[in-house]
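Peer 1: Structure file start35.cif, mmCIF, C-alpha atoms, is pasted below:
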```
data_structure
loop_
_atom_site.label_atom_id
_atom_site.label_comp_id
_atom_site.auth_asym_id
_atom_site.auth_seq_id
_atom_site.Cartn_x
_atom_site.Cartn_y
_atom_site.Cartn_z
CA MET A 1495 23.29 10.51 -27.30
CA ARG A 1496 23.42 13.74 -29.25
CA TYR A 1497 26.62 14.92 -27.57
CA VAL A 1498 28.87 11.95 -27.08
CA LEU A 1499 31.02 12.37 -23.99
CA VAL A 1500 32.44 8.87 -23.89
CA ASP A 1501 35.48 8.09 -26.04
CA ARG A 1502 35.48 4.34 -25.58
CA PHE A 1503 34.04 1.58 -23.47
CA LEU A 1504 36.79 -0.52 -21.94
CA GLU A 1505 34.43 -3.00 -20.29
CA LEU A 1506 30.72 -3.44 -20.71
CA GLU A 1507 28.37 -5.97 -19.12
CA ALA A 1508 24.80 -5.38 -20.21
CA GLY A 1509 22.57 -4.51 -17.29
CA ARG A 1510 25.40 -4.84 -14.78
CA ARG A 1511 28.40 -2.55 -15.15
CA ALA A 1512 30.70 -0.65 -17.48
CA LYS A 1513 34.03 1.09 -17.53
CA SER A 1514 34.64 3.88 -20.03
CA VAL A 1515 37.14 6.62 -20.75
CA LYS A 1516 36.81 10.21 -21.81
CA CYS A 1517 39.91 12.22 -22.70
CA VAL A 1518 39.71 15.94 -21.96
CA THR A 1519 41.26 18.17 -24.62
CA THR A 1520 41.86 21.89 -25.02
CA GLY A 1521 39.38 21.80 -27.88
CA GLU A 1522 36.38 21.03 -25.71
CA GLY A 1523 34.96 24.51 -26.12
CA PHE A 1524 33.38 24.51 -22.69
CA LEU A 1525 36.36 24.88 -20.39
CA GLY A 1526 35.84 27.11 -17.40
CA ARG A 1527 38.07 29.14 -15.15
CA ASP A 1528 41.60 27.71 -14.92
CA ASP A 1529 40.71 25.40 -17.82
CA GLU A 1530 38.48 23.33 -15.57
CA TYR A 1531 36.37 20.79 -17.40
CA PRO A 1532 32.77 21.45 -16.27
CA ALA A 1533 31.41 19.11 -13.61
CA THR A 1534 28.13 18.84 -15.52
CA LEU A 1535 30.01 17.26 -18.42
CA VAL A 1536 31.76 14.84 -16.07
CA LEU A 1537 28.29 13.92 -14.87
CA GLU A 1538 27.13 13.47 -18.46
CA THR A 1539 29.95 11.01 -19.09
CA ILE A 1540 28.83 9.02 -16.04
CA LEU A 1541 25.20 9.14 -17.22
CA GLN A 1542 26.02 8.09 -20.78
CA THR A 1543 28.06 5.18 -19.47
CA GLY A 1544 25.23 4.06 -17.17
CA GLY A 1545 22.60 4.74 -19.80
CA THR A 1546 24.35 2.30 -22.11
CA VAL A 1547 24.50 -0.36 -19.39
CA ALA A 1548 20.73 -0.02 -18.95
CA ARG A 1549 19.95 0.41 -22.63
CA LEU A 1550 21.42 -2.95 -23.52
CA VAL A 1551 18.84 -4.77 -21.39
CA ALA A 1552 15.84 -2.60 -22.28
CA ALA A 1553 12.81 -4.64 -23.33
CA PRO A 1554 11.99 -4.55 -27.04
CA GLY A 1555 9.82 -1.59 -27.88
CA THR A 1556 11.22 0.58 -25.11
CA ARG A 1557 13.73 3.39 -24.97
CA THR A 1558 15.88 4.61 -22.10
CA MET A 1559 15.76 8.08 -20.61
CA LEU A 1560 17.37 9.69 -17.61
CA GLY A 1561 14.92 9.72 -14.70
CA LYS A 1562 16.79 11.53 -11.97
CA VAL A 1563 20.20 12.19 -10.48
CA GLU A 1564 20.93 12.06 -6.76
CA ARG A 1565 23.85 12.53 -4.45
CA ALA A 1566 26.08 13.97 -7.16
CA ARG A 1567 29.34 15.51 -6.00
CA PHE A 1568 32.44 16.73 -7.69
CA PRO A 1569 35.32 16.91 -5.22
CA SER A 1570 37.96 17.90 -7.77
CA SER A 1571 38.26 18.92 -11.40
CA ALA A 1572 39.56 17.50 -14.65
CA ARG A 1573 41.64 19.55 -17.05
CA PRO A 1574 42.92 19.18 -20.63
CA GLY A 1575 45.30 16.25 -20.84
CA ASP A 1576 43.42 14.27 -18.21
CA GLN A 1577 41.84 10.95 -18.98
CA ILE A 1578 38.60 10.47 -17.09
CA LEU A 1579 38.00 6.87 -16.12
CA CYS A 1580 34.34 6.24 -15.49
CA GLU A 1581 32.98 3.19 -13.69
CA VAL A 1582 29.25 2.57 -13.36
CA HIS A 1583 27.41 -0.26 -11.65
CA ALA A 1584 23.70 -1.01 -11.82
CA ILE A 1585 22.65 -1.35 -8.19
CA LEU A 1586 18.91 -1.99 -8.52
CA SER A 1587 16.86 -2.98 -11.52
CA ARG A 1588 13.14 -3.30 -12.29
CA PRO A 1589 11.07 -3.45 -15.49
CA GLU A 1590 10.47 0.29 -15.17
CA GLY A 1591 14.06 1.34 -14.69
CA THR A 1592 17.57 0.81 -13.40
CA MET A 1593 19.30 2.61 -10.56
CA CYS A 1594 23.04 3.09 -11.10
CA ARG A 1595 26.00 4.39 -9.17
CA GLY A 1596 28.93 5.91 -11.06
CA VAL A 1597 32.34 7.27 -10.18
CA ALA A 1598 34.66 9.23 -12.45
CA THR A 1599 38.33 9.47 -11.59
CA VAL A 1600 41.52 10.96 -13.01
CA ASP A 1601 44.62 9.05 -11.92
CA GLY A 1602 42.68 7.71 -8.93
CA ARG A 1603 41.38 11.14 -7.90
CA VAL A 1604 37.57 11.40 -7.83
CA VAL A 1605 36.29 14.14 -10.14
CA GLY A 1606 32.64 13.16 -9.98
CA GLU A 1607 30.24 10.61 -8.58
CA ALA A 1608 26.49 10.21 -8.59
CA GLU A 1609 23.57 7.88 -8.24
CA PHE A 1610 21.00 8.07 -10.98
CA MET A 1611 17.98 6.36 -12.41
CA ILE A 1612 17.54 5.33 -16.02
CA ILE A 1613 13.90 4.67 -16.89
CA TYR A 1614 12.40 2.59 -19.66
CA LEU A 1615 9.67 4.25 -21.71
CA PRO A 1616 7.53 2.82 -24.52
CA GLU A 1617 8.89 3.82 -27.92
CA ALA A 1618 5.57 5.50 -28.66
CA LEU A 1619 6.32 8.08 -25.95
CA THR A 1620 9.77 8.91 -27.25
CA PRO A 1621 10.86 10.80 -30.38
CA LYS A 1622 10.89 8.53 -33.42
CA GLU A 1623 14.36 7.71 -34.69
CA SER A 1624 14.84 8.15 -38.43
CA PRO A 1625 16.69 5.45 -40.42
CA ALA A 1626 19.58 7.89 -40.95
CA ALA A 1627 19.82 8.60 -37.22
CA ARG A 1628 19.68 4.89 -36.50
CA GLU A 1629 22.56 4.22 -38.89
CA GLN A 1630 24.51 7.06 -37.29
CA ARG A 1631 23.91 5.46 -33.89
CA ARG A 1632 25.02 2.07 -35.17
CA LEU A 1633 28.33 3.54 -36.38
CA LEU A 1634 28.77 5.41 -33.11
CA TRP A 1635 28.18 2.28 -31.05
CA GLN A 1636 30.69 0.44 -33.23
CA SER A 1637 33.36 3.08 -32.64
CA LEU A 1638 32.66 3.15 -28.89
CA GLY A 1639 32.82 -0.61 -28.58
CA ILE A 1640 29.12 -1.12 -27.77
CA PRO A 1641 27.63 -4.33 -29.20
CA TRP A 1642 24.89 -3.47 -31.70
CA ASP A 1643 21.59 -5.00 -30.65
CA GLY A 1644 19.79 -4.14 -33.86
CA GLN A 1645 17.18 -2.06 -32.02
CA MET B 1288 10.32 -7.36 12.43
CA ASP B 1289 8.12 -5.25 14.71
CA GLU B 1290 6.01 -2.29 13.64
CA LYS B 1291 8.44 0.28 15.03
CA GLU B 1292 11.26 -1.14 12.97
CA ILE B 1293 9.09 -1.27 9.85
CA VAL B 1294 8.06 2.37 10.31
CA SER B 1295 11.66 3.42 10.83
CA LYS B 1296 12.87 1.60 7.74
CA VAL B 1297 10.02 2.86 5.56
CA CYS B 1298 10.70 6.44 6.67
CA LYS B 1299 14.36 5.96 5.84
CA CYS B 1300 13.46 4.60 2.38
CA VAL B 1301 11.21 7.58 1.66
CA ALA B 1302 13.80 10.03 2.95
CA THR B 1303 16.48 8.47 0.76
CA ALA B 1304 14.28 8.45 -2.34
CA LEU B 1305 13.12 12.03 -1.88
CA GLY B 1306 16.39 13.48 -0.63
CA ARG B 1307 14.80 14.49 2.68
CA ASP B 1308 16.03 14.44 6.25
CA GLU B 1309 14.59 11.47 8.09
CA ASP B 1310 12.95 13.68 10.71
CA GLU B 1311 10.85 15.29 7.96
CA VAL B 1312 9.23 11.95 7.14
CA GLN B 1313 6.40 10.80 9.39
CA VAL B 1314 3.61 8.27 8.83
CA GLU B 1315 0.89 10.87 8.30
CA LYS B 1316 2.83 12.71 5.58
CA ARG B 1317 1.44 12.55 2.06
CA LEU B 1318 4.10 11.68 -0.48
CA GLN B 1319 3.08 14.26 -3.07
CA SER B 1320 1.42 17.09 -1.18
CA ASP B 1321 3.63 17.12 1.93
CA LEU B 1322 6.92 15.64 0.73
CA GLU B 1323 6.79 16.91 -2.86
CA ALA B 1324 7.32 13.51 -4.45
CA GLU B 1325 7.27 13.53 -8.25
CA SER B 1326 6.26 10.66 -10.48
CA ILE B 1327 9.81 9.39 -10.87
CA ASP B 1328 10.19 9.32 -7.09
CA TYR B 1329 7.53 6.61 -6.80
CA LEU B 1330 9.79 4.28 -8.75
CA ASP B 1331 12.70 5.20 -6.50
CA ILE B 1332 10.59 4.49 -3.40
CA THR B 1333 9.74 1.09 -4.87
CA PHE B 1334 13.46 0.44 -5.39
CA GLN B 1335 14.26 1.42 -1.83
CA LEU B 1336 11.48 -0.69 -0.28
CA GLU B 1337 12.49 -3.77 -2.27
CA LYS B 1338 16.09 -3.35 -1.15
CA ALA B 1339 15.35 -2.55 2.51
CA PHE B 1340 12.81 -5.31 3.12
CA GLY B 1341 13.93 -7.94 0.61
CA ILE B 1342 10.50 -7.97 -1.00
CA SER B 1343 9.50 -8.10 -4.64
CA ILE B 1344 7.01 -5.50 -5.83
CA ASP B 1345 5.27 -6.07 -9.14
CA LYS B 1346 4.90 -3.24 -11.62
CA ASP B 1347 1.87 -1.09 -10.70
CA GLU B 1348 1.30 -3.12 -7.53
CA LEU B 1349 2.08 -0.35 -5.12
CA PHE B 1350 1.29 2.68 -7.27
CA PRO B 1351 -1.40 1.55 -9.75
CA GLN B 1352 -1.45 3.92 -12.72
CA LYS B 1353 -4.55 2.46 -14.34
CA ILE B 1354 -6.83 4.64 -12.26
CA PHE B 1355 -5.53 7.66 -14.17
CA GLN B 1356 -5.88 6.06 -17.59
CA ASP B 1357 -9.14 4.10 -17.68
CA GLU B 1358 -12.31 5.99 -18.57
CA GLU B 1359 -14.46 3.42 -16.77
CA LEU B 1360 -12.66 4.15 -13.54
CA VAL B 1361 -12.77 7.92 -13.77
CA ARG B 1362 -15.49 10.04 -15.36
CA ASN B 1363 -15.53 13.84 -15.47
CA GLY B 1364 -12.65 13.93 -13.05
CA VAL B 1365 -14.43 11.81 -10.45
CA VAL B 1366 -13.60 8.22 -9.53
CA THR B 1367 -16.59 6.04 -10.43
CA GLU B 1368 -18.08 3.23 -8.33
CA LYS B 1369 -16.05 0.81 -10.42
CA GLY B 1370 -12.99 2.96 -9.82
CA LEU B 1371 -13.58 2.87 -6.06
CA ARG B 1372 -13.84 -0.92 -6.17
CA PHE B 1373 -10.63 -0.96 -8.19
CA LEU B 1374 -8.88 1.13 -5.54
CA GLU B 1375 -10.23 -1.07 -2.73
CA GLU B 1376 -8.96 -4.13 -4.53
CA LYS B 1377 -5.58 -2.70 -5.45
CA LEU B 1378 -4.98 -0.78 -2.24
CA PRO B 1379 -6.51 -2.87 0.54
CA TYR B 1380 -4.09 -1.25 2.99
CA ALA B 1381 -5.29 2.29 2.13
CA ASP B 1382 -7.89 4.15 4.19
CA LEU B 1383 -10.48 5.18 1.60
CA GLY B 1384 -13.04 6.45 4.12
CA GLU B 1385 -12.44 10.17 3.68
CA PHE B 1386 -11.68 9.81 0.00
CA LYS B 1387 -15.07 8.24 -0.76
CA LYS B 1388 -16.82 11.38 0.50
CA ASP B 1389 -15.12 13.44 -2.22
CA PRO B 1390 -13.70 11.02 -4.82
CA ARG B 1391 -12.14 13.50 -7.21
CA VAL B 1392 -9.30 11.85 -9.11
CA THR B 1393 -7.02 14.75 -8.21
CA ARG B 1394 -7.29 13.54 -4.61
CA VAL B 1395 -5.99 10.04 -5.42
CA PRO B 1396 -2.33 11.01 -4.87
CA ASP B 1397 -3.25 12.08 -1.32
CA LEU B 1398 -4.05 8.43 -0.52
CA PHE B 1399 -0.37 7.69 -0.79
CA THR B 1400 1.03 8.48 2.60
CA VAL B 1401 4.04 7.11 4.43
CA GLY B 1402 1.54 5.23 6.59
CA LEU B 1403 0.12 3.54 3.48
CA LEU B 1404 3.61 2.33 2.63
CA VAL B 1405 4.00 0.99 6.17
CA ASN B 1406 0.72 -0.90 5.86
CA TYR B 1407 1.73 -2.19 2.46
CA VAL B 1408 5.07 -3.51 3.74
CA LYS B 1409 3.37 -5.13 6.73
CA THR B 1410 0.98 -6.89 4.34
CA LYS B 1411 3.86 -8.05 2.13
CA LEU B 1412 5.94 -9.30 5.05
CA ALA B 1413 2.97 -11.13 6.54
CA ALA B 1414 2.33 -12.88 3.24
CA SER B 1415 5.93 -13.96 2.78
#
```
Can you present the structure in this file as structure tokens?

Peer 2:
Amino acid sequence: MRYVLVDRFLELEAGRRAKSVKCVTTGEGFLGRDDEYPATLVLETILQTGGTVARLVAAPGTRTMLGKVERARFPSSARPGDQILCEVHAILSRPEGTMCRGVATVDGRVVGEAEFMIIYLPEALTPKESPAAREQRRLLWQSLGIPWDGQ
Amino acid sequence: MDEKEIVSKVCKCVATALGRDEDEVQVEKRLQSDLEAESIDYLDITFQLEKAFGISIDKDELFPQKIFQDEELVRNGVVTEKGLRFLEEKLPYADLGEFKKDPRVTRVPDLFTVGLLVNYVKTKLAAS
């Protein structure tokens, strides 16, 4: 995750489900008209939450990537001061990938939802991670509350 | 489950995976050429079929990728005799008659029609 759009995982069951939060601030730098937090970034929070759920059960020697997004909708917007609560469930899983459904809410109001597929690719087909980047990821996972799997 | 119900459920699976209206999906439609399925959609179709029919589909069982990767199966862009035997073995529910007359590997995706999926599901259900 180059741009981390999850502040913390509240609950995380590898391969099954997760609940995370993202607090919207005035310093986001990408706020739109009427200070609306962009729907694409809400979606990214959902995807990063689901990607972590899938990542934690990826077979050794594989990496996770986003395959596709379906049925995404954004019935309302988030604004600075809002806390986005994101809940993602894995609904179908195979060795090649995991299908997830995620919903993001602010005080019970839906600001985004989507179904999406996370796929597992051999490491050889993905960019190689340098030791420094790996250490950075380890620290990030620690701060987000993701158990470090050493991979 | 009768054939009509299988066809209906397969069409619904394909429509869901490809984001299409159900009336756009008919048995003669080719997944790639007619319904614009992309590689990732094949995995989604597999997901949908497993869920809808309660079947388990092994990796590469329904959409064998080896044909595109093995030099013994394809030479100079044409599926070899060994490749044709491989397809017959892996896709016994596919109609290879027309394909054998012009076995260019670029035509392999056209074998994958909604009807092939129906035949595949029928085979799986009969074996279970």

Peer 1: In Å to one decimal, how far is atom CA of A:Thr1519 from atom CA of A:Phe1568?

Peer 2: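 Going from atom CA of A:Phe1568 over to atom CA of A:Thr1519, I get 19.1 Å.
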
Peer 1: Show me, as a count of residues only, the residues that have an atom within 6 Å of A:Val1582 when counting all atoms listed in the file, minus same-chain residues fewer than 3 positions from it.

Peer 2: 5

Peer 1: Using the chain letters and numbers from the file, which residues does the PyMOL selection byres ((chain A) within 10 of (chain B)) grab, as a ChimeraX atom specification?

Peer 2: /A:1561-1562,1564-1565,1585-1593,1610-1611,1613

Peer 1: Please define a box with edges along x, y and z of the file around all atoms of stretch 1315-1319 of chain B given in the file, extend it by 5 Å on each side, and return its centre and edge lengths in Å to one decimal, as AutoDock Vina command-line options.

Peer 2:
```
--center_x 2.5 --center_y 12.6 --center_z 2.6 --size_x 13.2 --size_y 13.4 --size_z 21.4
```

Peer 1: Which residues would end up in the selection if the PyMOL selection byres ((chain B and resi 1365) around 7) were applied here, given that I need the answer as number ranges by chain?

Peer 2: B: 1361-1364, 1366-1367, 1390-1392

Peer 1: For a test of reading the model, state the distance in Å between atom CA of B:Leu1322 and atom CA of B:Leu1398, rounded to one decimal.

Peer 2: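 Interatomic distance here is 13.2 Å.
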
Peer 1: For this structure, which residues satisfy the selection - the PyMOL selection byres ((chain B and resi 1320) around 12) - when it is evaluated on the file as given? I want them as an MDAnalysis selection string.

Peer 2: chainID B and resid 1315:1319 1321:1325 1393:1401

Peer 1: Can you measure atom CA of A:Val1605 to atom CA of A:Ser1570 for me? One decimal in Å is fine.

Peer 2: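 Value for the atom CA of A:Val1605-atom CA of A:Ser1570 distance: 4.7 Å.
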
Peer 1: Using all atoms listed in the file, which of B:Lys1388, B:Phe1355, B:Cys1300, B:Ala1339 sits nearest B:Leu1412?

Peer 2: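 For B:Leu1412, the nearest of the given residues is B:Ala1339.
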
Peer 1: Once you count all atoms listed in the file, which residues end up no further than 8 Å from (21.1, 5.3, -22.6) in the file's frame, shown as a VMD selection string?

Peer 2: chain A and resid 1495 1541 to 1549 1557 to 1560 1612

Peer 1: Tell me which protein, DNA and RNA residues are within 8 Å of B:Ile1354, counting only C-alpha atoms, leaving out same-chain ones fewer than 4 positions away, and put them as a PyMOL selection string.

Peer 2: chain B and resi 1360-1361+1370+1373-1374

Peer 1: Hey, which of B:Phe1350, B:Tyr1329, B:Phe1340, B:Phe1386 ends up closest to B:Lys1409? Count all atoms listed in the file.

Peer 2: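 Residue with the minimum atom-to-atom distance to B:Lys1409: B:Phe1340.
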
Peer 1: Counting only C-alpha atoms, what is within 12 Å of B:Met1288, bar same-chain residues fewer than 2 positions away, as a PDB file with C-alpha atoms, in the frame of the given file?

Peer 2:
```pdb
ATOM      1  CA  GLU B1290       6.010  -2.290  13.640  1.00  0.00           C
ATOM      2  CA  LYS B1291       8.440   0.280  15.030  1.00  0.00           C
ATOM      3  CA  GLU B1292      11.260  -1.140  12.970  1.00  0.00           C
ATOM      4  CA  ILE B1293       9.090  -1.270   9.850  1.00  0.00           C
ATOM      5  CA  VAL B1294       8.060   2.370  10.310  1.00  0.00           C
ATOM      6  CA  SER B1295      11.660   3.420  10.830  1.00  0.00           C
ATOM      7  CA  LYS B1296      12.870   1.600   7.740  1.00  0.00           C
ATOM      8  CA  PHE B1340      12.810  -5.310   3.120  1.00  0.00           C
ATOM      9  CA  VAL B1408       5.070  -3.510   3.740  1.00  0.00           C
ATOM     10  CA  LYS B1409       3.370  -5.130   6.730  1.00  0.00           C
ATOM     11  CA  LEU B1412       5.940  -9.300   5.050  1.00  0.00           C
ATOM     12  CA  ALA B1413       2.970 -11.130   6.540  1.00  0.00           C
TER      13      ALA B1413
END
```

Peer 1: Tell me, as a PyMOL selection string, which residues lie within 7 Å of A:Gln1577, counting only C-alpha atoms; anything in the same chain fewer than 5 positions away does not count.

Peer 2: chain A and resi 1515-1518+1600

Peer 1: Quick one: of A:Glu1507, A:Asp1529, A:Asp1501, A:Glu1538, who's nearest to A:Pro1641, counting all atoms listed in the file?

Peer 2: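 Distance minimum relative to A:Pro1641 lands on A:Glu1507.
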
Peer 1: Write out as a list in words which residues come within 8 Å of B:Val1297 when counting only C-alpha atoms, dropping same-chain ones fewer than 5 positions away.

Peer 2: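 Listing them by chain and then by number gives Leu1336, Val1401, Leu1404 and Val1405 of chain B.
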
Peer 1: Grab the residues selected above and save them as an mmCIF file, in the coordinates of the input with C-alpha atoms.

Peer 2:
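Below is the file again.cif, written as the result:
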```cif
data_model
loop_
_atom_site.group_PDB
_atom_site.id
_atom_site.type_symbol
_atom_site.label_atom_id
_atom_site.label_comp_id
_atom_site.auth_asym_id
_atom_site.auth_seq_id
_atom_site.Cartn_x
_atom_site.Cartn_y
_atom_site.Cartn_z
ATOM 1 C CA LEU B 1336 11.480 -0.690 -0.280
ATOM 2 C CA VAL B 1401 4.040 7.110 4.430
ATOM 3 C CA LEU B 1404 3.610 2.330 2.630
ATOM 4 C CA VAL B 1405 4.000 0.990 6.170
#
```
